[in-house]
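Q: If you scroll down you'll find the structure; I have some questions about it.
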Amino acid sequence: MRIFIIRHGDPDYQTDSLTLRGRREAEALAAYIERLQLTHIYCSPLGRAQQTCRPCAEKLGLPVETLSWTRELTGVYYELDGFGRFSPFFTPGEVMYSISPTPRYAGWQNQKYFDDPRYYSLVKEMQAGSDALLARHGYVHEGALYKIERPSEDRIAVFCHQGLGTTWISYLLNIPYQAAWAGMWQACTGITCIRMECRSTRFSVPRMLYMGDTTHIELAGLEKTERGLSASMTAC
């Protein structure tokens, strides 16, 4: 099975919709989407993800299932002089790695800038949603592995967000969340591909094949951007 994690197009956060640039990105993605050979499409309930997903679903003639756990991980913010207001998933790297001990996978929710219990609840919801989705497609989470209940050739796309996407990737790959938040980036409509690698008949382990691919942007003749890479970003 392959999982394609796709970020929404260039957003207007005030209206939870796409800008003109974002609509063009969504159109470019729809022109490219057949190459992914998708069998299932899932989407965040937020407007900017839905508007990105719709042209692709129409192009492929596939239904869209909305998953509430794939919405952005917003609602919790911290204030810090010199950096302003930020979400935990966009904590400045120099701040994050000044924490002692260095942020880690286990116990991350007890460290400074990540210790709001509301945020931990959001991440736990994401974990449970991920496990349910993969189990539906034949892979049951057991520790750091996934038991193969039935081998699957499904190719699923999940249209979501920068913070949710990087958090989900780190959960699948068993790496510290803070490493993903500080070190990973997905451009708008960027495509990340994760393969459920089966090297035995018993267990599967997710392997990332590529992250944030924007070939469709180049093919459409659009200029690449890195919108959102600033200390003031509070939602994505």
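Following the order of the structure tokens, chains are lettered A, B, ..., residues in each are numbered from 1, and ligands are numbered from 1.
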What's the 6 Å shell around region 60-76 of chain A, counting only C-alpha atoms, without same-chain residues fewer than 3 positions away, as a list in words?

A: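 Skipping anything fewer than 3 positions along the chain leaves Ile41, Tyr42, Cys43, Ser44, Pro45, Ala57, Met126, Gly129, Cys160, His161 and Leu164 of chain A.
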
Q: Let me see the file: selected residues, C-alpha atoms, as an mmCIF file, in the first residue's frame.

A:
data_model
loop_
_atom_site.group_PDB
_atom_site.id
_atom_site.type_symbol
_atom_site.label_atom_id
_atom_site.label_comp_id
_atom_site.auth_asym_id
_atom_site.auth_seq_id
_atom_site.Cartn_x
_atom_site.Cartn_y
_atom_site.Cartn_z
ATOM 1 C CA ILE A 41 -9.303 9.713 -1.355
ATOM 2 C CA TYR A 42 -9.606 11.108 2.171
ATOM 3 C CA CYS A 43 -9.681 14.747 3.216
ATOM 4 C CA SER A 44 -9.560 17.134 6.149
ATOM 5 C CA PRO A 45 -12.883 18.828 6.957
ATOM 6 C CA ALA A 57 -11.619 13.711 -7.002
ATOM 7 C CA MET A 126 -4.334 11.914 15.169
ATOM 8 C CA GLY A 129 -7.212 8.106 13.505
ATOM 9 C CA CYS A 160 -4.484 17.784 4.879
ATOM 10 C CA HIS A 161 -2.103 20.395 6.344
ATOM 11 C CA LEU A 164 -0.891 17.620 10.748
#

Q: If you count only C-alpha atoms, which residues fall within 7 Å of Arg48 (chain A), apart from same-chain ones fewer than 4 positions away, as a ChimeraX atom specification?

A: /A:8-9,11,16-18,52

Q: Give the answer as one residue: which of A:Cys188, A:Tyr210, A:Leu80, A:Cys198 has the shortest atom-to-atom distance to Arg227 (chain A), using only C-alpha atoms?

A: A:Cys188

Q: Quote the spacing between CA of Lys147 (chain A) and CA of Phe203 (chain A) in Å to one decimal place.

A: 4.5 Å

Q: Where does region 60-123 of chain A meet region 178-185 of chain A within 8 Å, residue by residue, with the nearest atom pair and distance in Å to one decimal for each, counting only C-alpha atoms, listed by chain and rising number, as CSV?

A:
residue,atom,partner,partner_atom,distance
A:Phe89,CA,A:Trp181,CA,5.1
A:Phe90,CA,A:Trp181,CA,6.1
A:Thr91,CA,A:Ala182,CA,7.1
A:Pro92,CA,A:Ala182,CA,6.9
A:Gly93,CA,A:Ala182,CA,5.1
A:Met96,CA,A:Gln178,CA,7.5
A:Pro103,CA,A:Gln178,CA,6.4
A:Arg104,CA,A:Gln178,CA,7.2
A:Tyr105,CA,A:Gln178,CA,7.9
A:Trp108,CA,A:Gln178,CA,8.0

Q: Within 9 Å of region 26-37 of chain A, which residues of region 89-188 of chain A come that close, and what is the closest atom pair and distance in Å for each? Count only C-alpha atoms and give it as a tab-separated table.

A:
residue	atom	partner	partner_atom	distance
A:Arg155	CA	A:Gln37	CA	6.8
A:Ile156	CA	A:Gln37	CA	9.0
A:Ala157	CA	A:Leu36	CA	8.9

Q: Applying 7 Å and only C-alpha atoms, which residues near Ile148 (chain A) remain after dropping the ones on its own chain fewer than 6 positions away? List them as a VMD selection string.

A: chain A and resid 138 to 140 201 to 204

Q: Counting only C-alpha atoms, which residue out of A:Ser121, A:Arg24, A:Glu79, A:Leu38 sits closest to Ile217 (chain A)?

A: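 Selected residue with least distance to Ile217 (chain A): A:Arg24.
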
Q: Would you please work out which residue, of A:Leu173, A:Cys53, A:Val123, A:Leu222, is nearest to Leu209 (chain A) when using only C-alpha atoms?

A: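 Closest residue, counting only C-alpha atoms: A:Leu173.
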
Q: Could you give me, as a PyMOL selection string, each residue of region 32-187 of chain A that DSSP assigns to alpha helix (DSSP H) when run on this structure's backbone?

A: chain A and resi 32+47-60+93-96+117-136+162-173+177-183

Q: Where does DSSP see strand (DSSP E) in region 129-181 of chain A, if you list the residues as a PDB file with C-alpha atoms, in the first residue's frame?

A:
ATOM      1  CA  TYR A 139      -2.327  -3.001   8.570  1.00  0.00           C
ATOM      2  CA  VAL A 140      -2.806  -3.185  12.353  1.00  0.00           C
ATOM      3  CA  HIS A 141      -0.464  -1.136  14.550  1.00  0.00           C
ATOM      4  CA  GLU A 142       1.519  -3.223  17.042  1.00  0.00           C
ATOM      5  CA  LEU A 145       5.329  -2.338  13.554  1.00  0.00           C
ATOM      6  CA  TYR A 146       2.151  -2.980  11.588  1.00  0.00           C
ATOM      7  CA  LYS A 147       0.766  -6.514  11.525  1.00  0.00           C
ATOM      8  CA  ILE A 148      -0.313  -7.490   8.020  1.00  0.00           C
ATOM      9  CA  ARG A 155      -3.046   3.735  -3.051  1.00  0.00           C
ATOM     10  CA  ILE A 156      -4.668   6.285  -0.772  1.00  0.00           C
ATOM     11  CA  ALA A 157      -4.420  10.081  -0.767  1.00  0.00           C
ATOM     12  CA  VAL A 158      -5.059  12.194   2.315  1.00  0.00           C
ATOM     13  CA  PHE A 159      -5.465  15.930   1.719  1.00  0.00           C
ATOM     14  CA  CYS A 160      -4.484  17.784   4.879  1.00  0.00           C
TER      15      CYS A 160
END

Q: Using CA of Ile99 (chain A) and CA of Ala128 (chain A) as the two end points, give the distance in Å to one decimal.

A: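 For CA of Ile99 (chain A) relative to CA of Ala128 (chain A), the distance reads 28.0 Å.
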